[in-house]
$ cat model.cif   # mmCIF, C-alpha atoms
data_input
#
loop_
_atom_site.label_atom_id
_atom_site.label_comp_id
_atom_site.auth_asym_id
_atom_site.auth_seq_id
_atom_site.Cartn_x
_atom_site.Cartn_y
_atom_site.Cartn_z
CA MET A 1 -33.80 -0.37 4.83
CA LYS A 2 -32.27 -3.76 4.10
CA HIS A 3 -30.78 -5.89 6.86
CA TYR A 4 -27.49 -7.73 6.38
CA THR A 5 -25.60 -10.03 8.68
CA TYR A 6 -22.38 -8.31 7.57
CA VAL A 7 -21.84 -4.88 6.05
CA ILE A 8 -18.40 -4.02 4.70
CA VAL A 9 -17.54 -0.39 4.02
CA GLY A 10 -14.85 -0.26 1.36
CA GLY A 11 -14.35 -1.97 -1.96
CA GLY A 12 -10.69 -2.95 -1.98
CA MET A 13 -8.57 -6.00 -1.26
CA ALA A 14 -9.28 -6.01 2.49
CA ALA A 15 -13.02 -6.02 1.80
CA ASP A 16 -12.80 -8.96 -0.60
CA SER A 17 -10.50 -10.87 1.75
CA ALA A 18 -12.95 -10.29 4.60
CA ILE A 19 -15.69 -11.93 2.55
CA ILE A 20 -13.41 -14.93 2.01
CA GLY A 21 -12.87 -15.11 5.78
CA ILE A 22 -16.59 -14.83 6.49
CA ARG A 23 -17.42 -17.59 4.04
CA GLU A 24 -14.89 -19.93 5.67
CA VAL A 25 -17.03 -19.75 8.81
CA ASP A 26 -20.49 -18.70 7.65
CA GLU A 27 -21.62 -19.99 4.27
CA SER A 28 -25.01 -18.31 4.19
CA GLY A 29 -24.95 -15.03 6.14
CA SER A 30 -25.95 -12.05 4.01
CA ILE A 31 -23.15 -9.64 3.05
CA ALA A 32 -23.20 -6.14 1.56
CA LEU A 33 -20.02 -4.54 0.24
CA ILE A 34 -20.33 -0.78 -0.23
CA GLY A 35 -17.53 0.67 -2.36
CA ALA A 36 -16.93 4.21 -3.61
CA GLU A 37 -15.23 3.14 -6.86
CA ASN A 38 -17.09 2.11 -10.01
CA PHE A 39 -15.05 -1.08 -10.09
CA PRO A 40 -15.47 -4.25 -8.03
CA PRO A 41 -12.48 -5.27 -5.86
CA TYR A 42 -9.21 -5.73 -7.73
CA ASP A 43 -5.54 -6.35 -6.92
CA ARG A 44 -3.90 -2.96 -6.49
CA PRO A 45 -0.11 -3.71 -6.71
CA PRO A 46 -0.21 -4.61 -10.44
CA LEU A 47 -1.21 -1.01 -11.19
CA THR A 48 2.45 -0.02 -10.82
CA LYS A 49 4.06 -3.43 -11.34
CA ALA A 50 2.87 -6.45 -13.31
CA LEU A 51 0.38 -4.70 -15.59
CA TRP A 52 3.24 -2.60 -16.98
CA THR A 53 5.70 -5.46 -17.42
CA GLY A 54 3.21 -7.83 -19.05
CA LYS A 55 3.50 -10.37 -16.25
CA LYS A 56 -0.23 -9.87 -15.63
CA THR A 57 -3.08 -8.85 -17.91
CA LEU A 58 -6.00 -6.67 -16.89
CA ASP A 59 -8.46 -9.55 -16.82
CA LYS A 60 -6.37 -11.25 -14.09
CA VAL A 61 -6.54 -8.47 -11.49
CA TRP A 62 -10.26 -8.74 -10.65
CA ARG A 63 -11.00 -10.53 -7.38
CA GLN A 64 -14.27 -12.28 -8.40
CA THR A 65 -15.99 -10.95 -5.28
CA ALA A 66 -19.52 -11.38 -6.62
CA SER A 67 -18.99 -15.15 -6.82
CA ARG A 68 -18.75 -15.25 -3.01
CA GLY A 69 -22.41 -14.42 -2.54
CA ALA A 70 -22.15 -10.76 -1.58
CA ASP A 71 -24.22 -7.81 -2.77
CA LEU A 72 -21.86 -5.31 -4.40
CA CYS A 73 -23.06 -1.74 -3.91
CA LEU A 74 -20.57 0.18 -6.08
CA ASN A 75 -20.13 3.88 -6.77
CA GLN A 76 -21.73 4.52 -3.39
CA ARG A 77 -20.01 6.26 -0.50
CA VAL A 78 -20.99 5.66 3.12
CA VAL A 79 -21.49 8.99 4.85
CA SER A 80 -22.92 8.04 8.24
CA ILE A 81 -22.73 5.36 10.93
CA ASP A 82 -25.09 4.96 13.86
CA PRO A 83 -23.38 2.39 16.11
CA GLU A 84 -26.30 2.18 18.50
CA ALA A 85 -28.94 1.54 15.85
CA LYS A 86 -26.36 -0.47 13.84
CA VAL A 87 -27.15 1.37 10.63
CA VAL A 88 -24.94 2.92 7.95
CA GLY A 89 -26.16 5.37 5.31
CA ASP A 90 -24.71 6.17 1.90
CA ASP A 91 -24.60 9.30 -0.25
CA GLN A 92 -27.64 8.15 -2.22
CA GLY A 93 -29.88 8.06 0.84
CA VAL A 94 -29.83 4.27 1.17
CA GLU A 95 -29.52 2.79 4.68
CA TYR A 96 -28.14 -0.61 5.60
CA GLU A 97 -28.76 -2.35 8.91
CA TYR A 98 -26.04 -4.74 10.10
CA ASP A 99 -25.21 -7.27 12.76
CA LYS A 100 -21.45 -6.88 12.19
CA LEU A 101 -19.71 -3.99 10.46
CA LEU A 102 -16.24 -3.87 8.91
CA LEU A 103 -14.50 -0.60 8.11
CA ALA A 104 -12.08 -1.32 5.26
CA THR A 105 -11.99 2.27 4.10
CA GLY A 106 -8.31 2.33 3.15
CA GLY A 107 -6.70 5.67 2.49
CA ARG A 108 -6.69 8.54 0.03
CA PRO A 109 -3.61 10.05 -1.61
CA ARG A 110 -1.89 12.93 0.09
CA GLU A 111 -2.15 16.01 -2.09
CA LEU A 112 -0.06 19.11 -2.58
CA PRO A 113 -1.54 22.57 -1.84
CA PHE A 114 -1.21 23.72 -5.46
CA GLY A 115 -1.64 22.51 -9.02
CA GLU A 116 -5.31 21.63 -8.63
CA GLY A 117 -6.46 19.68 -11.67
CA LEU A 118 -2.92 19.48 -13.05
CA ILE A 119 -1.57 16.60 -10.94
CA ARG A 120 -2.83 13.02 -10.97
CA TYR A 121 -2.44 11.38 -7.56
CA PHE A 122 -1.91 7.74 -8.49
CA ARG A 123 -3.83 5.08 -6.58
CA THR A 124 -6.81 3.57 -8.40
CA MET A 125 -7.67 1.55 -11.48
CA GLU A 126 -8.93 4.74 -13.08
CA ASP A 127 -5.52 6.33 -12.50
CA TYR A 128 -3.74 3.35 -14.06
CA GLN A 129 -5.96 3.40 -17.13
CA ALA A 130 -5.47 7.14 -17.63
CA VAL A 131 -1.67 7.08 -17.24
CA ARG A 132 -1.33 3.94 -19.35
CA GLU A 133 -3.28 5.67 -22.13
CA GLN A 134 -1.00 8.70 -21.88
CA ALA A 135 2.07 6.47 -22.11
CA ALA A 136 0.62 4.49 -25.02
CA ALA A 137 0.37 7.68 -27.07
CA GLY A 138 4.19 7.70 -27.09
CA GLY A 139 6.77 10.43 -26.74
CA ALA A 140 5.32 11.90 -23.56
CA ARG A 141 7.25 13.71 -20.86
CA PHE A 142 6.32 12.77 -17.30
CA ALA A 143 7.16 14.34 -13.96
CA VAL A 144 6.71 11.81 -11.14
CA ILE A 145 6.58 13.40 -7.69
CA GLY A 146 7.65 11.11 -4.84
CA GLY A 147 10.57 8.78 -4.19
CA GLY A 148 8.71 6.06 -2.27
CA PHE A 149 7.01 2.89 -3.42
CA ILE A 150 4.47 4.34 -5.85
CA GLY A 151 6.77 7.01 -7.27
CA SER A 152 9.73 4.71 -7.89
CA GLU A 153 7.63 1.89 -9.36
CA LEU A 154 5.70 4.23 -11.62
CA ALA A 155 8.85 6.02 -12.80
CA ALA A 156 10.41 2.66 -13.67
CA ALA A 157 7.26 1.50 -15.46
CA LEU A 158 7.04 4.64 -17.56
CA ALA A 159 10.74 4.54 -18.44
CA MET A 160 10.38 0.91 -19.56
CA HIS A 161 7.64 2.16 -21.89
CA LYS A 162 10.06 4.61 -23.48
CA GLN A 163 8.72 7.78 -21.85
CA LYS A 164 10.89 10.65 -20.73
CA VAL A 165 10.67 10.59 -16.93
CA HIS A 166 11.76 12.99 -14.20
CA ILE A 167 11.36 11.70 -10.63
CA ILE A 168 11.40 14.46 -8.02
CA PHE A 169 11.58 14.25 -4.23
CA PRO A 170 13.18 16.23 -1.37
CA GLY A 171 15.08 13.35 0.23
CA PRO A 172 18.58 12.09 -0.64
CA GLY A 173 17.39 9.21 -2.77
CA ILE A 174 14.80 6.66 -3.79
CA GLY A 175 13.66 4.70 -0.76
CA ALA A 176 15.76 6.78 1.63
CA ASN A 177 13.27 6.28 4.46
CA ILE A 178 13.76 2.50 4.44
CA PHE A 179 17.14 1.67 2.84
CA PRO A 180 20.78 2.15 3.95
CA ALA A 181 22.51 5.15 2.41
CA GLY A 182 24.78 3.08 0.17
CA LEU A 183 21.85 1.19 -1.30
CA VAL A 184 19.94 4.43 -1.82
CA GLU A 185 22.79 5.88 -3.84
CA HIS A 186 23.03 2.63 -5.83
CA ILE A 187 19.33 2.85 -6.74
CA ASN A 188 19.64 6.51 -7.73
CA GLN A 189 22.48 5.67 -10.09
CA TYR A 190 20.68 2.61 -11.43
CA PHE A 191 17.61 4.72 -12.33
CA ARG A 192 19.83 7.29 -14.05
CA GLU A 193 21.46 4.53 -16.09
CA LYS A 194 17.97 3.50 -17.17
CA GLY A 195 17.32 6.99 -18.49
CA VAL A 196 15.35 8.44 -15.58
CA ASP A 197 16.20 11.99 -14.55
CA VAL A 198 16.54 11.59 -10.76
CA LEU A 199 16.07 14.95 -9.06
CA ASN A 200 16.81 14.11 -5.45
CA GLY A 201 17.00 16.92 -2.92
CA GLU A 202 14.45 18.90 -4.92
CA GLU A 203 11.02 20.06 -3.77
CA VAL A 204 8.12 20.84 -6.08
CA VAL A 205 6.60 24.19 -5.06
CA ASP A 206 4.16 24.71 -7.92
CA VAL A 207 2.65 23.11 -11.01
CA GLN A 208 1.28 25.46 -13.64
CA ALA A 209 -0.56 25.10 -16.92
CA ALA A 210 1.62 25.90 -19.94
CA GLY A 211 -0.70 25.57 -22.91
CA ASN A 212 -1.32 21.85 -23.27
CA ALA A 213 1.79 21.14 -21.16
CA ARG A 214 2.64 21.51 -17.47
CA ARG A 215 5.35 23.65 -15.90
CA VAL A 216 6.82 22.12 -12.73
CA VAL A 217 8.51 24.69 -10.50
CA LEU A 218 11.16 23.49 -8.04
CA LYS A 219 12.27 25.19 -4.84
CA SER A 220 15.78 25.53 -6.26
CA GLY A 221 14.38 27.77 -9.00
CA LYS A 222 14.63 25.13 -11.70
CA THR A 223 11.57 24.54 -13.91
CA LEU A 224 10.59 21.54 -16.00
CA GLU A 225 8.14 21.48 -18.88
CA VAL A 226 6.34 18.16 -19.15
CA ASP A 227 3.15 16.74 -20.60
CA HIS A 228 1.89 14.96 -17.50
CA VAL A 229 2.45 15.18 -13.74
CA VAL A 230 1.80 12.15 -11.54
CA ALA A 231 2.31 12.01 -7.79
CA GLY A 232 2.68 9.25 -5.23
CA ILE A 233 3.48 10.88 -1.89
CA GLY A 234 1.73 8.55 0.51
CA ILE A 235 -1.81 8.20 1.77
CA GLN A 236 -3.96 9.48 4.60
CA PRO A 237 -6.08 6.81 6.30
CA ASN A 238 -9.80 7.35 5.82
CA VAL A 239 -10.79 7.58 9.49
CA GLU A 240 -13.58 10.14 9.23
CA LEU A 241 -16.41 7.59 9.50
CA ALA A 242 -14.71 5.98 12.48
CA GLY A 243 -14.45 9.39 14.10
CA MET A 244 -18.13 10.05 13.52
CA ALA A 245 -18.89 6.73 15.21
CA GLY A 246 -16.75 7.64 18.24
CA LEU A 247 -14.17 4.93 17.64
CA HIS A 248 -10.64 5.24 19.00
CA ILE A 249 -8.24 6.65 16.40
CA ASP A 250 -4.46 7.07 16.45
CA ASN A 251 -2.81 7.10 13.02
CA GLY A 252 -5.65 4.86 11.88
CA ILE A 253 -8.54 3.04 13.48
CA LEU A 254 -7.25 1.29 16.58
CA VAL A 255 -8.13 -2.41 16.77
CA GLY A 256 -7.35 -5.20 19.20
CA GLU A 257 -5.92 -8.64 18.51
CA ASP A 258 -9.31 -9.79 17.21
CA LEU A 259 -9.44 -6.72 14.91
CA GLN A 260 -12.45 -5.34 16.77
CA THR A 261 -12.52 -1.58 17.26
CA SER A 262 -13.41 0.17 20.51
CA HIS A 263 -17.09 -0.46 19.73
CA ALA A 264 -18.57 -3.95 19.86
CA ASP A 265 -19.59 -5.37 16.48
CA ILE A 266 -17.46 -2.90 14.50
CA TYR A 267 -14.16 -4.15 13.05
CA ALA A 268 -11.46 -2.60 10.89
CA ALA A 269 -8.87 -4.04 8.50
CA GLY A 270 -6.43 -3.06 5.79
CA ASP A 271 -4.59 0.22 5.27
CA VAL A 272 -6.86 2.07 7.69
CA ALA A 273 -6.39 -0.23 10.69
CA ALA A 274 -3.71 0.25 13.35
CA PHE A 275 -3.14 -3.14 14.93
CA PRO A 276 -0.99 -4.30 17.87
CA ASN A 277 2.01 -6.44 17.01
CA LEU A 278 4.39 -7.77 19.64
CA TYR A 279 7.10 -8.58 17.11
CA LEU A 280 7.06 -5.26 15.26
CA GLY A 281 6.66 -2.99 18.29
CA GLY A 282 3.38 -1.37 19.30
CA HIS A 283 0.42 -0.43 17.12
CA LEU A 284 1.14 0.13 13.46
CA ARG A 285 -0.50 0.51 10.09
CA PHE A 286 0.99 -1.55 7.28
CA GLU A 287 0.04 -0.28 3.82
CA HIS A 288 0.87 -3.36 1.76
CA GLU A 289 -0.90 -6.19 -0.04
CA ASP A 290 0.12 -9.12 2.16
CA ASN A 291 -1.11 -7.47 5.34
CA THR A 292 -4.30 -6.25 3.67
CA ASN A 293 -5.21 -9.72 2.44
CA THR A 294 -4.29 -11.52 5.64
CA MET A 295 -5.88 -9.00 7.98
CA GLY A 296 -9.04 -8.76 5.90
CA LYS A 297 -9.50 -12.53 6.03
CA ALA A 298 -8.81 -12.60 9.78
CA ALA A 299 -11.35 -9.82 10.34
CA GLY A 300 -13.96 -11.74 8.36
CA ARG A 301 -13.43 -14.86 10.43
CA SER A 302 -13.56 -12.82 13.63
CA MET A 303 -16.83 -11.17 12.58
CA ALA A 304 -18.28 -14.58 11.81
CA GLY A 305 -17.46 -15.90 15.27
CA LYS A 306 -14.00 -17.45 14.90
CA PRO A 307 -11.60 -14.81 16.26
CA GLU A 308 -7.88 -15.56 16.46
CA PRO A 309 -5.07 -13.27 17.63
CA TYR A 310 -3.74 -11.34 14.67
CA ASP A 311 -0.02 -11.55 15.33
CA TYR A 312 1.01 -11.90 11.69
CA VAL A 313 4.35 -10.54 10.46
CA PRO A 314 3.55 -9.20 6.97
CA TYR A 315 5.88 -8.70 4.06
CA PHE A 316 5.95 -6.48 0.98
CA TYR A 317 7.81 -6.46 -2.31
CA SER A 318 8.73 -4.22 -5.21
CA ASP A 319 9.98 -4.45 -8.78
CA LEU A 320 12.19 -1.69 -10.18
CA PHE A 321 13.32 -2.47 -13.73
CA GLU A 322 15.34 -5.70 -13.29
CA LEU A 323 15.77 -5.10 -9.57
CA GLY A 324 13.47 -6.72 -7.05
CA TYR A 325 13.20 -7.26 -3.35
CA GLU A 326 11.04 -8.71 -0.62
CA ALA A 327 10.90 -7.16 2.83
CA VAL A 328 9.52 -8.70 5.99
CA GLY A 329 8.27 -6.68 8.93
CA ARG A 330 9.04 -3.05 9.59
CA LEU A 331 11.76 -1.29 7.61
CA ASP A 332 12.88 2.11 8.82
CA SER A 333 16.21 3.76 8.04
CA ARG A 334 16.20 5.27 11.55
CA TYR A 335 16.76 1.78 12.97
CA GLN A 336 20.21 0.27 13.30
CA MET A 337 20.80 -1.40 9.94
CA VAL A 338 23.15 -4.37 9.57
CA GLU A 339 24.10 -5.02 5.96
CA ASP A 340 25.14 -8.46 4.71
CA TRP A 341 25.84 -8.36 0.98
CA LYS A 342 26.24 -11.76 -0.66
CA GLU A 343 27.51 -10.18 -3.84
CA GLY A 344 29.31 -6.88 -4.28
CA ASP A 345 27.91 -3.61 -5.56
CA HIS A 346 24.55 -4.17 -3.86
CA LYS A 347 23.57 -6.96 -6.25
CA LYS A 348 22.26 -9.43 -3.69
CA GLY A 349 22.08 -9.38 0.08
CA VAL A 350 20.22 -8.98 3.36
CA VAL A 351 19.71 -5.95 5.59
CA TYR A 352 18.61 -6.48 9.21
CA TYR A 353 16.75 -3.71 11.04
CA LEU A 354 17.40 -3.60 14.80
CA ASP A 355 15.53 -1.51 17.36
CA ASP A 356 17.07 -1.64 20.83
CA GLY A 357 17.95 -5.33 20.51
CA HIS A 358 14.71 -6.29 18.72
CA LEU A 359 14.75 -7.40 15.09
CA ARG A 360 11.91 -5.43 13.48
CA GLY A 361 12.51 -6.07 9.79
CA VAL A 362 14.53 -7.88 7.15
CA LEU A 363 15.23 -6.70 3.61
CA LEU A 364 15.88 -9.47 1.07
CA TRP A 365 17.49 -7.69 -1.86
CA ASN A 366 17.40 -9.80 -5.03
CA LEU A 367 17.30 -12.81 -2.70
CA TRP A 368 14.29 -15.10 -3.01
CA ASP A 369 12.41 -17.78 -1.09
CA LYS A 370 13.62 -16.47 2.27
CA VAL A 371 10.47 -14.74 3.55
CA ASP A 372 9.57 -17.52 5.98
CA ALA A 373 13.12 -17.64 7.31
CA ALA A 374 13.00 -13.89 7.91
CA ARG A 375 9.66 -14.20 9.71
CA ASP A 376 11.02 -16.93 11.95
CA LEU A 377 14.04 -14.79 12.80
CA ILE A 378 11.88 -11.80 13.72
CA ARG A 379 9.69 -13.99 15.93
CA ALA A 380 12.61 -15.73 17.63
CA VAL A 381 12.82 -15.08 21.36
CA GLY A 382 15.78 -13.20 22.79
CA PRO A 383 17.80 -10.05 22.10
CA LYS A 384 19.54 -9.57 18.75
CA VAL A 385 23.14 -8.37 18.58
CA ALA A 386 24.27 -6.51 15.45
CA SER A 387 27.59 -8.34 15.18
CA GLN A 388 25.83 -11.70 15.15
CA MET A 389 23.29 -10.93 12.42
CA PRO A 390 25.33 -11.46 9.22
CA GLY A 391 24.85 -15.00 7.94
CA LYS A 392 21.54 -15.58 9.77
CA ILE A 393 19.81 -15.74 6.38
#

$ encode --input "model.cif" --output "structure tokens"
Amino acid sequence: MKHYTYVIVGGGMAADSAIIGIREVDESGSIALIGAENFPPYDRPPLTKALWTGKKTLDKVWRQTASRGADLCLNQRVVSIDPEAKVVGDDQGVEYEYDKLLLATGGRPRELPFGEGLIRYFRTMEDYQAVREQAAAGGARFAVIGGGFIGSELAAALAMHKQKVHIIFPGPGIGANIFPAGLVEHINQYFREKGVDVLNGEEVVDVQAAGNARRVVLKSGKTLEVDHVVAGIGIQPNVELAGMAGLHIDNGILVGEDLQTSHADIYAAGDVAAFPNLYLGGHLRFEHEDNTNTMGKAAGRSMAGKPEPYDYVPYFYSDLFELGYEAVGRLDSRYQMVEDWKEGDHKKGVVYYLDDGHLRGVLLWNLWDKVDAARDLIRAVGPKVASQMPGKI
């Protein structure tokens, strides 16, 4: 058994960011990163964005984690935690003793109860490489299941690479859970104009083998024959290890302001962590790059003895063909949405998301360099009135 000052379970962006945070405080403490993938930490958003558009090349996504003085234990999955002995064990029978432990276990794709082996659930570098190779062959027909972030970005990427794309989801439109209805309809139409077959209001009930092809069966009775089926229907946080360790769990691993879990010397960060946020309302998980990087770094500093309250208001972004947006805070179409379009036909504007007088989120649609202004507005003291929101940004 090898002893480390810090053991990090997980090999993603939060894990790498935690090492950066540790090294800001502790230059010499020993660190082990245990990751289930074959790859060292890499930036995940380019898998559906910049790697497809050419704005980033594959050699630019790697995080250079090894240069920070950590032992990278890859293709190894942690299967046990003993909080009292302060030991974790992996699936190869190796045990690691720690002083401080970080759970940056992220999440795994939600899967459908059919089509085993016929659907690729898109999340990892391996998924990107496989789908990119399929697209590079040319002339392929793709069914993309899911109208959220991954589904919409992947459908756009494939269409830009001249593939025939069907995007299928049960809701009224792309991004319907976060955007106003008018904007949702605008995006649907925009995708159709770009050649994507948008099948909103449709539910996939089966995927079958059809020779070398795939038959996608919809609840309406319609069937599609395609070459490849890719899905992005959200993730489930990987909380099983935390549960085994007796940590408090509620839609993720619950952490306090210092990102410590309910057990001393165990911390959590990234997609798996549910953190308290005064500005955004209660505990929440935020499955986006900015939060992952910032929280991971904060957790590393906290583990190394420099805790600070994590009251950050994160943002996220997306690219859909020539469209783009940045969004600050918590977007939810169930909130009261105040739309302020600077240009007609949903070309450029701001949407404010109000929850009982609290501003929880701001959508900046094709409007740039306003993230800090949106953060300041969310943090501003006092109730927010819908009629007074237009023109704030």

$ closest_residue --input "model.cif" --among "A:Ile119, A:Tyr190, A:Phe39, A:Lys384" --to "Ala213 (chain A)" --atoms "only C-alpha atoms"
A:Ile119

$ residues_around --input "model.cif" --residues "Arg123 (chain A)" --least-positions-apart "5" --cutoff "10 Å" --atoms "all atoms listed in the file" --output "ChimeraX atom specification"
/A:44-45,47-48,107-109,128,150,231-232,234-235

$ residues_near_point --input "model.cif" --point "(7.6, 7.5, -3.3)" --cutoff "10 Å" --atoms "only C-alpha atoms" --output "NGL selection string"
:A and (144-155 or 167-169 or 173-177 or 231-234)

$ resolve_selection --input "model.cif" --expression "the PyMOL selection byres ((chain A and resi 283-290) around 7)" --output "PyMOL selection string"
chain A and resi 252+271-277+281-282+291-294+314-316

$ write_last_selection --input "model.cif" --atoms "C-alpha atoms" --output "tab-separated table (two decimals), keeping the file's coordinate frame"
chain	number	residue	atom	x	y	z
A	252	GLY	CA	-5.65	4.86	11.88
A	271	ASP	CA	-4.59	0.22	5.27
A	272	VAL	CA	-6.86	2.07	7.69
A	273	ALA	CA	-6.39	-0.23	10.69
A	274	ALA	CA	-3.71	0.25	13.35
A	275	PHE	CA	-3.14	-3.14	14.93
A	276	PRO	CA	-0.99	-4.30	17.87
A	277	ASN	CA	2.01	-6.44	17.01
A	281	GLY	CA	6.66	-2.99	18.29
A	282	GLY	CA	3.38	-1.37	19.30
A	291	ASN	CA	-1.11	-7.47	5.34
A	292	THR	CA	-4.30	-6.25	3.67
A	293	ASN	CA	-5.21	-9.72	2.44
A	294	THR	CA	-4.29	-11.52	5.64
A	314	PRO	CA	3.55	-9.20	6.97
A	315	TYR	CA	5.88	-8.70	4.06
A	316	PHE	CA	5.95	-6.48	0.98

$ atom_distance --input "model.cif" --atom1 "CA of Ala70 (chain A)" --atom2 "CA of Ile19 (chain A)"
7.8 Å

$ resolve_selection --input "model.cif" --expression "the PyMOL selection byres ((chain A and resi 202-205) around 7)" --output "list of chain:residue names"
A:Ile168, A:Phe169, A:Pro170, A:Leu199, A:Asn200, A:Gly201, A:Asp206, A:Val216, A:Val217, A:Leu218, A:Lys219, A:Ser220

$ residues_around --input "model.cif" --residues "Leu74 (chain A)" --least-positions-apart "5" --cutoff "9 Å" --atoms "all atoms listed in the file" --output "VMD selection string"
chain A and resid 11 33 to 40

$ atom_distance --input "model.cif" --atom1 "CA of Gln92 (chain A)" --atom2 "CA of Met1 (chain A)"
12.7 Å

$ residues_around --input "model.cif" --residues "Val87 (chain A)" --least-positions-apart "6" --cutoff "8 Å" --atoms "all atoms listed in the file" --output "VMD selection string"
chain A and resid 81 95 to 98

$ closest_residue --input "model.cif" --among "A:Gln129, A:Gln336, A:Thr53, A:Ser302" --to "Glu24 (chain A)" --atoms "all atoms listed in the file"
A:Ser302

$ atom_distance --input "model.cif" --atom1 "CA of Leu118 (chain A)" --atom2 "CA of Ala156 (chain A)"
21.5 Å

$ closest_residue --input "model.cif" --among "A:Glu326, A:Tyr335, A:Gly139, A:Gly382" --to "Asp369 (chain A)" --atoms "only C-alpha atoms"
A:Glu326

$ resolve_selection --input "model.cif" --expression "the PyMOL selection byres ((chain A and resi 214) around 8)" --output "PyMOL selection string"
chain A and resi 118+207-213+215-216+225-229

$ closest_residue --input "model.cif" --among "A:Asp340, A:Glu126, A:Asp376, A:Asp345" --to "Gly391 (chain A)" --atoms "all atoms listed in the file"
A:Asp340

$ residues_around --input "model.cif" --residues "Val79 (chain A)" --least-positions-apart "6" --cutoff "7 Å" --atoms "all atoms listed in the file" --output "list in words"
Gly89, Asp90 and Asp91 of chain A

$ write_last_selection --input "model.cif" --atoms "C-alpha atoms" --output "mmCIF file, in the coordinates of the input"
data_model
loop_
_atom_site.group_PDB
_atom_site.id
_atom_site.type_symbol
_atom_site.label_atom_id
_atom_site.label_comp_id
_atom_site.auth_asym_id
_atom_site.auth_seq_id
_atom_site.Cartn_x
_atom_site.Cartn_y
_atom_site.Cartn_z
ATOM 1 C CA GLY A 89 -26.160 5.370 5.310
ATOM 2 C CA ASP A 90 -24.710 6.170 1.900
ATOM 3 C CA ASP A 91 -24.600 9.300 -0.250
#

$ closest_residue --input "model.cif" --among "A:Gly243, A:Gly195, A:Gly329, A:Gly256" --to "Pro307 (chain A)" --atoms "only C-alpha atoms"
A:Gly256

$ residues_near_point --input "model.cif" --point "(24.7, -11.3, 3.0)" --cutoff "12 Å" --atoms "all atoms listed in the file" --output "NGL selection string"
:A and (338-352 or 362-367 or 389-393)

$ write_last_selection --input "model.cif" --atoms "C-alpha atoms" --output "PDB file, in the frame of the given file"
ATOM      1  CA  VAL A 338      23.150  -4.370   9.570  1.00  0.00           C
ATOM      2  CA  GLU A 339      24.100  -5.020   5.960  1.00  0.00           C
ATOM      3  CA  ASP A 340      25.140  -8.460   4.710  1.00  0.00           C
ATOM      4  CA  TRP A 341      25.840  -8.360   0.980  1.00  0.00           C
ATOM      5  CA  LYS A 342      26.240 -11.760  -0.660  1.00  0.00           C
ATOM      6  CA  GLU A 343      27.510 -10.180  -3.840  1.00  0.00           C
ATOM      7  CA  GLY A 344      29.310  -6.880  -4.280  1.00  0.00           C
ATOM      8  CA  ASP A 345      27.910  -3.610  -5.560  1.00  0.00           C
ATOM      9  CA  HIS A 346      24.550  -4.170  -3.860  1.00  0.00           C
ATOM     10  CA  LYS A 347      23.570  -6.960  -6.250  1.00  0.00           C
ATOM     11  CA  LYS A 348      22.260  -9.430  -3.690  1.00  0.00           C
ATOM     12  CA  GLY A 349      22.080  -9.380   0.080  1.00  0.00           C
ATOM     13  CA  VAL A 350      20.220  -8.980   3.360  1.00  0.00           C
ATOM     14  CA  VAL A 351      19.710  -5.950   5.590  1.00  0.00           C
ATOM     15  CA  TYR A 352      18.610  -6.480   9.210  1.00  0.00           C
ATOM     16  CA  VAL A 362      14.530  -7.880   7.150  1.00  0.00           C
ATOM     17  CA  LEU A 363      15.230  -6.700   3.610  1.00  0.00           C
ATOM     18  CA  LEU A 364      15.880  -9.470   1.070  1.00  0.00           C
ATOM     19  CA  TRP A 365      17.490  -7.690  -1.860  1.00  0.00           C
ATOM     20  CA  ASN A 366      17.400  -9.800  -5.030  1.00  0.00           C
ATOM     21  CA  LEU A 367      17.300 -12.810  -2.700  1.00  0.00           C
ATOM     22  CA  MET A 389      23.290 -10.930  12.420  1.00  0.00           C
ATOM     23  CA  PRO A 390      25.330 -11.460   9.220  1.00  0.00           C
ATOM     24  CA  GLY A 391      24.850 -15.000   7.940  1.00  0.00           C
ATOM     25  CA  LYS A 392      21.540 -15.580   9.770  1.00  0.00           C
ATOM     26  CA  ILE A 393      19.810 -15.740   6.380  1.00  0.00           C
TER      27      ILE A 393
END

$ residues_around --input "model.cif" --residues "Ala298 (chain A)" --least-positions-apart "4" --cutoff "12 Å" --atoms "only C-alpha atoms" --output "number ranges by chain"
A: 14-25, 102, 257-260, 267-270, 291-294, 302-312
